[in-house]
Protein chains: 2
Amino acid sequence: MARIAIDAMGGDYAPKAIVEGALWAAQEYGVGLELVGREDEIKAELDRIKSAGYISSDCGTKGHKRKIAIDIDKIDYTITHASEVIGMGEAVGQSIRKKKDSSIVAAVRAVAEGRCEAVVSAGSTGAAMAASLFGLGRIHGVTRPAIAVTLPTMNKPIVLIDGGANSECTPEMLTQFAEMGNTYAKHIVEIDEPKVGILSIGEEEGKGNSLVKEAYPLLKADSEKGRINFVGNIEGKELFLNKCDVVVCDGFAGNIALKVTEATAAMMLKMISREFKSDIVGCIVGLLAKPFLRRILKRTNWEAFGGMLLLGVNGISVIAHGRSSSYAMKNAVRVAVRMLNKDINSMISENINR
Amino acid sequence: MARIAIDAMGGDYAPKAIVEGALWAAQEYGVGLELVGREDEIKAELDRIKSAGYISSDCGTKGHKRKIAIDIDKIDYTITHASEVIGMGEAVGQSIRKKKDSSIVAAVRAVAEGRCEAVVSAGSTGAAMAASLFGLGRIHGVTRPAIAVTLPTMNKPIVLIDGGANSECTPEMLTQFAEMGNTYAKHIVEIDEPKVGILSIGEEEGKGNSLVKEAYPLLKADSEKGRINFVGNIEGKELFLNKCDVVVCDGFAGNIALKVTEATAAMMLKMISREFKSDIVGCIVGLLAKPFLRRILKRTNWEAFGGMLLLGVNGISVIAHGRSSSYAMKNAVRVAVRMLNKDINSMISENINR
C-alpha cells in the first residue's frame, strides 16, 4: 500500500482540517498515512474523530457541508512526532536549516528515507518548496523546481507553471519550466502535443517585461528543436481561451494570476447571490438557480483542485492551499495519489537532459 | 465648450467604433470633438452615421445591443488629418519618433497646442503612453507616468496603479505611483484617507519579489511621513476584499491582474449561461435569472469603465481598451470629461513636490 507523508501542522486550519482531510483521502483512495507533527495534538484530533465516527467536509461550498463517516480502525496510519512548526511569516531558508524537527522538514524526510511515496503540505509555500528541495534534491539537470497548477476552462484544462515557487526568475529558468510543464501536460493532463505560451502583456513578440523579452527567443529556439511547441505570448485576458495548454511565467506573476482568478470567481458568485437577494422575485429565482450555480461553484472551486505539484524535485511533493479545509486537503492528497504510478520525474529528467 | 481630441485610428474596431463612440459621448456629455486620423476614412464614417441617423451601441452585453440616435449637426466637431497609424505590434519609442503624423501623436498635439482639454486613444497602450509623455511632458517631479484603473468590488471601488504603462519599475517609481494613486483615490474616487497596499505574494513584510521587498520600506517611510497611509502587502486573493483602496504594482503585474480579472469574469458568466442551457428546467430558470445576471454583467463589464487614466503627464490622457466598442469608447470619453474640472495634476504636483 502506498503511503503519503502529511505535514499535519501546516495550514491555517491545522491540525484539525489537515488530519481530517488526510483520513478522508486515505479512506477514499486506499492509501496509508504518516501524520507528521506534534504527537499530542494529532492524537487529540484522532481521538475526537474516532469517538465521533465522522468528520465534516467543511468544503466552503455554502450549503454543501456534509458529514463523512470515517472508520479510523480501517485506516493504515502512523504518527511521527515533530516538535516544531514553521509559521507563514518566517524567513524560509533560515527556518528550514534551523528547525530540523519542523513538521514539513520531517514529512519530507519520510519520503527521502523511503517510508512514504509522496509528501503533502498546506503550510508556507516557500517552506514546503525549500524543504522538498533540500530533502529530496533536484532532478538531474533541473535548475529550480516550479509549481505546476491545472486550471479549469470552458473546454480543456490548462497548466500554469510557475504558480509561486520562484518569485525571481531568469530566462533560462522559464525555458525549463516550459519543458517540465510540457511533460506534465502531456503525461498527466493527457494533452497531445501541448501548445506552450508565455504569460505577457501584449500579444506580439517584443512585448512584456525584460524577463519575457529575453525568454522569448530561448523558447522559440527550444520549439525549433522540437522540444516544445511554443506559440508565443499569451495575455491575461486570453488565459482561459485555450490558445495554449501550458502557460509559462515567473512565480510572482503566476501566483498573482492564480490568486486573482480565485478572487474574481469568488466575487462574481457573491455578486450573483446578492443580486438574487435584492427582491422577492430574485429570492425565488435564486432558489431555482441554486443547483445550477452550485455546479459552477464545484467546477471553479479551488478546494476541488486541492493541490499544486512541485515539479523538478526528486520525489512527489504537493503543496496545498494555506486555507485548506478538510475537503481541500483530501483533494490535495488525491493529486499526490494520481502521481504515484506515473513516474513523471523520469520523464522530466529524460526531457531536460536530452 | 470643452473639447476632446480623439485618436480615431486606434483600436481593433477603428475608425468605426471610435468615431461612433466619440459622437455618442459628445452628444451625451456636451463636449466638442477633434477627430484625428485619416480624413477620408473619418468622413466616410461620419457620412454613414449622418445618413443612418443612429449608431449601434455594440456594447458586448449579449442581447443588450441598441440603436442610439445621433444628430450629427448638433455636435461640435472638427477633423484633423493624420496620415499614419501606429499598429499594435510596432516598437513604441521608434514609431513615436518616426511617425510624427500618426493619429495618436497628432491627437496629443491637439492638447499640447491648447485646442483640446484631453486626449482619448484605444490604440497601443505603449504608443499612447509614449506620445502623451513626449507631447505633454511630465508633471514636475514625476519620474514616470502610470496608468490608474478603478475596479468595482462588492463595496467601494479600488484603484490599481500601474495598470500597464511601465513593464519595468524601480522601487522609487512604485512610491510615486502610490502617491499619485493616493491623490487620485482621494480627489477623484472620493475616498477619505485611502489605504495603500502593494500587490505581492504572501501577506507578510519580506514576501514577494525583489521589487516589492525593496519598495516596502520606502512605502513605510512615506507612510510615517504622513504622505500616504500604507497598509502593507495585498495578495491577489484579497484584491476585491477592500483591505486597501489603492493597490500599487509594476505595470506588468498590474496588467496581468487586470486582464485575468476580465478573463475570469467573462468565463464565469459563460459557464453560468452554459449551465442554464444544459436542460429544459435550466433554460426556464436561465430566462428568469437573465435580468439579475445582466445587472452583474453591467457592474463588472470593462466596457462600462471604458478608460484608464494616465497619471503623471501634464494634461489629461485616457487610454481605452484595444477592443473598444462604441459603448466602451463613449465611456472612455466620459472618464476624460470627469477629469475636466478636477485639476488632479496640480494636486499630484503639490503632493509629489512637498
# chains A, B, ... in the order shown; residues from 1 in each chain; ligands from 1
call {"tool": "closest_atom_pairs", "arguments": {"of": "chain A", "to": "chain B", "cutoff": "6 Å", "atoms": "only C-alpha atoms", "output": "Markdown table"}}
result
| residue | atom | partner | partner_atom | distance |
| --- | --- | --- | --- | --- |
| A:Gly89 | CA | B:Glu204 | CA | 5.7 |
| A:Ser167 | CA | B:Asn209 | CA | 5.0 |
| A:Glu168 | CA | B:Asn209 | CA | 5.9 |
| A:Glu204 | CA | B:Gly89 | CA | 5.6 |
| A:Asn209 | CA | B:Ser167 | CA | 5.0 |
| A:Gly236 | CA | B:Lys259 | CA | 4.7 |
| A:Lys237 | CA | B:Lys259 | CA | 4.5 |
| A:Ala253 | CA | B:Ala253 | CA | 5.9 |
| A:Ile256 | CA | B:Gly236 | CA | 5.1 |
| A:Lys259 | CA | B:Lys237 | CA | 4.5 |
| A:Val260 | CA | B:Gly236 | CA | 4.7 |
| A:Thr261 | CA | B:Thr264 | CA | 5.8 |
| A:Ala263 | CA | B:Lys237 | CA | 4.7 |
| A:Thr264 | CA | B:Thr261 | CA | 5.8 |
call {"tool": "write_last_selection", "arguments": {"atoms": "N, CA and C atoms", "output": "tab-separated table (two decimals), in the first residue's frame"}}
result
chain	number	residue	atom	x	y	z
A	89	GLY	N	5.04	33.54	8.33
A	89	GLY	CA	5.83	34.76	8.19
A	89	GLY	C	7.33	34.55	8.28
A	167	SER	N	9.92	33.59	-6.97
A	167	SER	CA	9.44	34.94	-7.24
A	167	SER	C	10.44	35.71	-8.11
A	168	GLU	N	11.64	35.18	-8.23
A	168	GLU	CA	12.66	35.81	-9.09
A	168	GLU	C	13.14	34.75	-10.09
A	204	GLU	N	2.23	40.53	-29.19
A	204	GLU	CA	3.32	40.43	-30.16
A	204	GLU	C	4.66	40.15	-29.50
A	209	ASN	N	7.83	42.38	-20.05
A	209	ASN	CA	8.97	42.90	-19.29
A	209	ASN	C	10.26	42.25	-19.82
A	236	GLY	N	-3.15	38.00	-20.26
A	236	GLY	CA	-4.03	37.61	-19.16
A	236	GLY	C	-5.46	37.39	-19.62
A	237	LYS	N	-5.92	38.23	-20.54
A	237	LYS	CA	-7.31	38.13	-20.99
A	237	LYS	C	-7.58	36.85	-21.79
A	253	ALA	N	4.36	36.55	-11.03
A	253	ALA	CA	3.24	36.79	-11.95
A	253	ALA	C	2.25	35.63	-11.90
A	256	ILE	N	0.10	35.69	-8.77
A	256	ILE	CA	-0.89	36.77	-8.86
A	256	ILE	C	-2.02	36.36	-9.81
A	259	LYS	N	-4.24	33.76	-7.96
A	259	LYS	CA	-5.00	34.29	-6.84
A	259	LYS	C	-6.07	35.28	-7.30
A	260	VAL	N	-5.76	36.01	-8.35
A	260	VAL	CA	-6.75	36.95	-8.88
A	260	VAL	C	-7.90	36.18	-9.53
A	261	THR	N	-7.58	35.07	-10.16
A	261	THR	CA	-8.62	34.20	-10.72
A	261	THR	C	-9.57	33.76	-9.59
A	263	ALA	N	-9.98	35.14	-6.65
A	263	ALA	CA	-10.68	36.28	-6.06
A	263	ALA	C	-11.84	36.74	-6.95
A	264	THR	N	-11.63	36.75	-8.26
A	264	THR	CA	-12.67	37.21	-9.18
A	264	THR	C	-13.84	36.23	-9.19
call {"tool": "select_by_dssp", "arguments": {"residues": "range 2-222 of chain A", "states": "alpha helix (DSSP H)", "output": "VMD selection string"}}
result
chain A and resid 16 to 29 39 to 52 92 to 98 103 to 112 125 to 136 171 to 187 210 to 222
call {"tool": "write_last_selection", "arguments": {"atoms": "C-alpha atoms", "output": "JSON list (two decimals), in the first residue's frame"}}
result
[["chain", "number", "residue", "atom", "x", "y", "z"],
["A", 16, "LYS", "CA", -7.82, 19.77, 12.54],
["A", 17, "ALA", "CA", -8.63, 20.18, 8.83],
["A", 18, "ILE", "CA", -5.35, 18.52, 7.78],
["A", 19, "VAL", "CA", -5.83, 15.36, 9.83],
["A", 20, "GLU", "CA", -9.49, 15.14, 8.83],
["A", 21, "GLY", "CA", -8.73, 15.62, 5.12],
["A", 22, "ALA", "CA", -5.88, 13.12, 5.20],
["A", 23, "LEU", "CA", -8.06, 10.44, 6.85],
["A", 24, "TRP", "CA", -10.82, 11.12, 4.34],
["A", 25, "ALA", "CA", -8.35, 10.71, 1.47],
["A", 26, "ALA", "CA", -6.84, 7.55, 2.97],
["A", 27, "GLN", "CA", -10.32, 6.03, 3.19],
["A", 28, "GLU", "CA", -11.37, 7.17, -0.28],
["A", 29, "TYR", "CA", -8.18, 6.39, -2.22],
["A", 39, "GLU", "CA", 2.06, 13.95, 18.55],
["A", 40, "ASP", "CA", -0.28, 15.09, 21.34],
["A", 41, "GLU", "CA", -2.20, 17.43, 19.03],
["A", 42, "ILE", "CA", -2.50, 14.83, 16.27],
["A", 43, "LYS", "CA", -3.62, 12.18, 18.79],
["A", 44, "ALA", "CA", -6.23, 14.53, 20.21],
["A", 45, "GLU", "CA", -7.67, 15.02, 16.71],
["A", 46, "LEU", "CA", -7.66, 11.29, 16.03],
["A", 47, "ASP", "CA", -9.38, 10.57, 19.36],
["A", 48, "ARG", "CA", -12.02, 13.19, 18.63],
["A", 49, "ILE", "CA", -12.69, 11.78, 15.15],
["A", 50, "LYS", "CA", -12.69, 8.22, 16.44],
["A", 51, "SER", "CA", -15.32, 8.92, 19.08],
["A", 52, "ALA", "CA", -17.46, 11.00, 16.68],
["A", 92, "VAL", "CA", 12.25, 30.33, 4.60],
["A", 93, "GLY", "CA", 15.93, 29.48, 4.17],
["A", 94, "GLN", "CA", 16.79, 30.11, 7.80],
["A", 95, "SER", "CA", 13.83, 28.28, 9.28],
["A", 96, "ILE", "CA", 14.39, 25.17, 7.15],
["A", 97, "ARG", "CA", 18.01, 24.97, 8.29],
["A", 98, "LYS", "CA", 17.28, 25.80, 11.93],
["A", 103, "SER", "CA", 6.70, 19.11, 10.64],
["A", 104, "ILE", "CA", 7.41, 19.98, 6.98],
["A", 105, "VAL", "CA", 11.09, 19.02, 7.14],
["A", 106, "ALA", "CA", 10.22, 15.76, 8.95],
["A", 107, "ALA", "CA", 7.41, 14.97, 6.49],
["A", 108, "VAL", "CA", 9.79, 15.40, 3.53],
["A", 109, "ARG", "CA", 12.27, 13.16, 5.38],
["A", 110, "ALA", "CA", 9.65, 10.38, 5.42],
["A", 111, "VAL", "CA", 9.81, 10.42, 1.60],
["A", 112, "ALA", "CA", 13.59, 10.83, 1.45],
["A", 125, "THR", "CA", 4.67, 27.50, 0.12],
["A", 126, "GLY", "CA", 8.23, 28.74, 0.43],
["A", 127, "ALA", "CA", 8.97, 26.37, 3.32],
["A", 128, "ALA", "CA", 7.41, 23.38, 1.53],
["A", 129, "MET", "CA", 9.39, 24.18, -1.60],
["A", 130, "ALA", "CA", 12.68, 24.64, 0.30],
["A", 131, "ALA", "CA", 12.17, 21.56, 2.47],
["A", 132, "SER", "CA", 11.39, 19.46, -0.63],
["A", 133, "LEU", "CA", 14.37, 20.86, -2.50],
["A", 134, "PHE", "CA", 16.83, 20.22, 0.35],
["A", 135, "GLY", "CA", 15.25, 16.95, 1.45],
["A", 136, "LEU", "CA", 14.61, 15.30, -1.91],
["A", 171, "PRO", "CA", 15.02, 33.45, -18.84],
["A", 172, "GLU", "CA", 16.77, 30.05, -18.69],
["A", 173, "MET", "CA", 14.60, 29.02, -15.76],
["A", 174, "LEU", "CA", 11.48, 29.83, -17.77],
["A", 175, "THR", "CA", 12.60, 27.51, -20.59],
["A", 176, "GLN", "CA", 12.98, 24.69, -18.07],
["A", 177, "PHE", "CA", 9.54, 25.47, -16.65],
["A", 178, "ALA", "CA", 8.22, 25.22, -20.21],
["A", 179, "GLU", "CA", 9.81, 21.81, -20.69],
["A", 180, "MET", "CA", 8.60, 20.50, -17.33],
["A", 181, "GLY", "CA", 5.12, 21.91, -17.93],
["A", 182, "ASN", "CA", 5.09, 20.33, -21.36],
["A", 183, "THR", "CA", 5.94, 16.89, -19.95],
["A", 184, "TYR", "CA", 3.33, 17.32, -17.22],
["A", 185, "ALA", "CA", 0.60, 18.43, -19.65],
["A", 186, "LYS", "CA", 1.37, 15.52, -21.98],
["A", 187, "HIS", "CA", 1.58, 12.70, -19.48],
["A", 210, "SER", "CA", 12.67, 42.19, -19.83],
["A", 211, "LEU", "CA", 12.32, 38.63, -18.48],
["A", 212, "VAL", "CA", 9.67, 37.77, -21.07],
["A", 213, "LYS", "CA", 11.56, 39.52, -23.85],
["A", 214, "GLU", "CA", 14.73, 37.54, -23.06],
["A", 215, "ALA", "CA", 12.94, 34.22, -22.58],
["A", 216, "TYR", "CA", 11.01, 34.53, -25.86],
["A", 217, "PRO", "CA", 13.91, 33.71, -28.26],
["A", 218, "LEU", "CA", 15.05, 30.87, -25.98],
["A", 219, "LEU", "CA", 11.57, 29.33, -26.07],
["A", 220, "LYS", "CA", 11.46, 29.84, -29.82],
["A", 221, "ALA", "CA", 14.79, 28.04, -30.21],
["A", 222, "ASP", "CA", 13.52, 25.22, -27.99]]
call {"tool": "select_by_dssp", "arguments": {"residues": "range 157-328 of chain B", "states": "strand (DSSP E or B)", "output": "VMD selection string"}}
result
chain B and resid 158 to 161 195 to 200 229 to 235 246 to 248 307 to 311 313 316 to 320
call {"tool": "write_last_selection", "arguments": {"atoms": "C-alpha atoms", "output": "PDB file, in the first residue's frame"}}
result
ATOM      1  CA  ILE B 158     -10.434  50.210  -5.632  1.00  0.00           C
ATOM      2  CA  VAL B 159      -7.707  51.973  -7.603  1.00  0.00           C
ATOM      3  CA  LEU B 160      -4.956  49.878  -9.192  1.00  0.00           C
ATOM      4  CA  ILE B 161      -1.774  51.662 -10.325  1.00  0.00           C
ATOM      5  CA  LYS B 195      -5.382  52.888   2.464  1.00  0.00           C
ATOM      6  CA  VAL B 196      -2.484  51.984   0.162  1.00  0.00           C
ATOM      7  CA  GLY B 197      -1.249  48.402  -0.300  1.00  0.00           C
ATOM      8  CA  ILE B 198       1.379  46.796  -2.512  1.00  0.00           C
ATOM      9  CA  LEU B 199       0.434  43.801  -4.670  1.00  0.00           C
ATOM     10  CA  SER B 200       2.501  40.801  -3.649  1.00  0.00           C
ATOM     11  CA  ASN B 229      -1.447  55.509   4.602  1.00  0.00           C
ATOM     12  CA  PHE B 230       0.460  52.308   3.806  1.00  0.00           C
ATOM     13  CA  VAL B 231      -1.083  49.040   4.993  1.00  0.00           C
ATOM     14  CA  GLY B 232       1.451  46.528   3.632  1.00  0.00           C
ATOM     15  CA  ASN B 233       1.256  43.641   1.167  1.00  0.00           C
ATOM     16  CA  ILE B 234      -2.007  42.786  -0.577  1.00  0.00           C
ATOM     17  CA  GLU B 235      -2.318  39.334  -2.096  1.00  0.00           C
ATOM     18  CA  VAL B 246      -5.115  51.802  -3.677  1.00  0.00           C
ATOM     19  CA  VAL B 247      -3.143  48.802  -4.961  1.00  0.00           C
ATOM     20  CA  VAL B 248       0.366  49.646  -6.140  1.00  0.00           C
ATOM     21  CA  GLY B 307     -10.842  54.076 -19.986  1.00  0.00           C
ATOM     22  CA  MET B 308      -7.789  54.164 -17.814  1.00  0.00           C
ATOM     23  CA  LEU B 309      -6.235  57.460 -16.827  1.00  0.00           C
ATOM     24  CA  LEU B 310      -2.548  58.109 -17.449  1.00  0.00           C
ATOM     25  CA  LEU B 311      -1.376  59.856 -14.285  1.00  0.00           C
ATOM     26  CA  VAL B 313       1.644  63.647 -17.563  1.00  0.00           C
ATOM     27  CA  ILE B 316      -5.440  64.570 -19.418  1.00  0.00           C
ATOM     28  CA  SER B 317      -4.755  61.374 -21.351  1.00  0.00           C
ATOM     29  CA  VAL B 318      -7.166  58.461 -21.299  1.00  0.00           C
ATOM     30  CA  ILE B 319      -6.223  55.039 -22.623  1.00  0.00           C
ATOM     31  CA  ALA B 320      -9.190  52.991 -23.775  1.00  0.00           C
TER      32      ALA B 320
END
call {"tool": "closest_residue", "arguments": {"among": "A:Ser121, A:Asn155, A:Asn351, A:Thr170", "to": "Val335 in chain A", "atoms": "only C-alpha atoms"}}
result
A:Ser121
call {"tool": "atom_distance", "arguments": {"atom1": "CA of Tyr327 in chain B", "atom2": "CA of Asp58 in chain B"}}
result
6.5 Å
call {"tool": "residues_around", "arguments": {"residues": "Ile6 in chain B", "least_positions_apart": "4", "cutoff": "7 Å", "atoms": "only C-alpha atoms", "output": "list of chain:residue names"}}
result
B:Leu33, B:Glu34, B:Leu35, B:Val36, B:Ala107, B:Val119, B:Val120, B:Ser121
call {"tool": "closest_residue", "arguments": {"among": "A:Glu190, A:Asp73, A:Asp245, A:Glu84", "to": "Asp101 in chain A", "atoms": "only C-alpha atoms"}}
result
A:Glu84
call {"tool": "atom_distance", "arguments": {"atom1": "CA of Tyr13 in chain A", "atom2": "CA of Arg66 in chain A"}}
result
17.6 Å
call {"tool": "closest_residue", "arguments": {"among": "B:Glu117, B:Asp12, B:Asp7, B:Glu193", "to": "Thr80 in chain B", "atoms": "only C-alpha atoms"}}
result
B:Asp7
call {"tool": "closest_residue", "arguments": {"among": "B:Gly87, B:Gly312, B:Arg115, B:Phe305", "to": "Ala146 in chain B", "atoms": "only C-alpha atoms"}}
result
B:Gly312
call {"tool": "atom_distance", "arguments": {"atom1": "CA of Lys225 in chain A", "atom2": "CA of Val189 in chain A"}}
result
23.2 Å
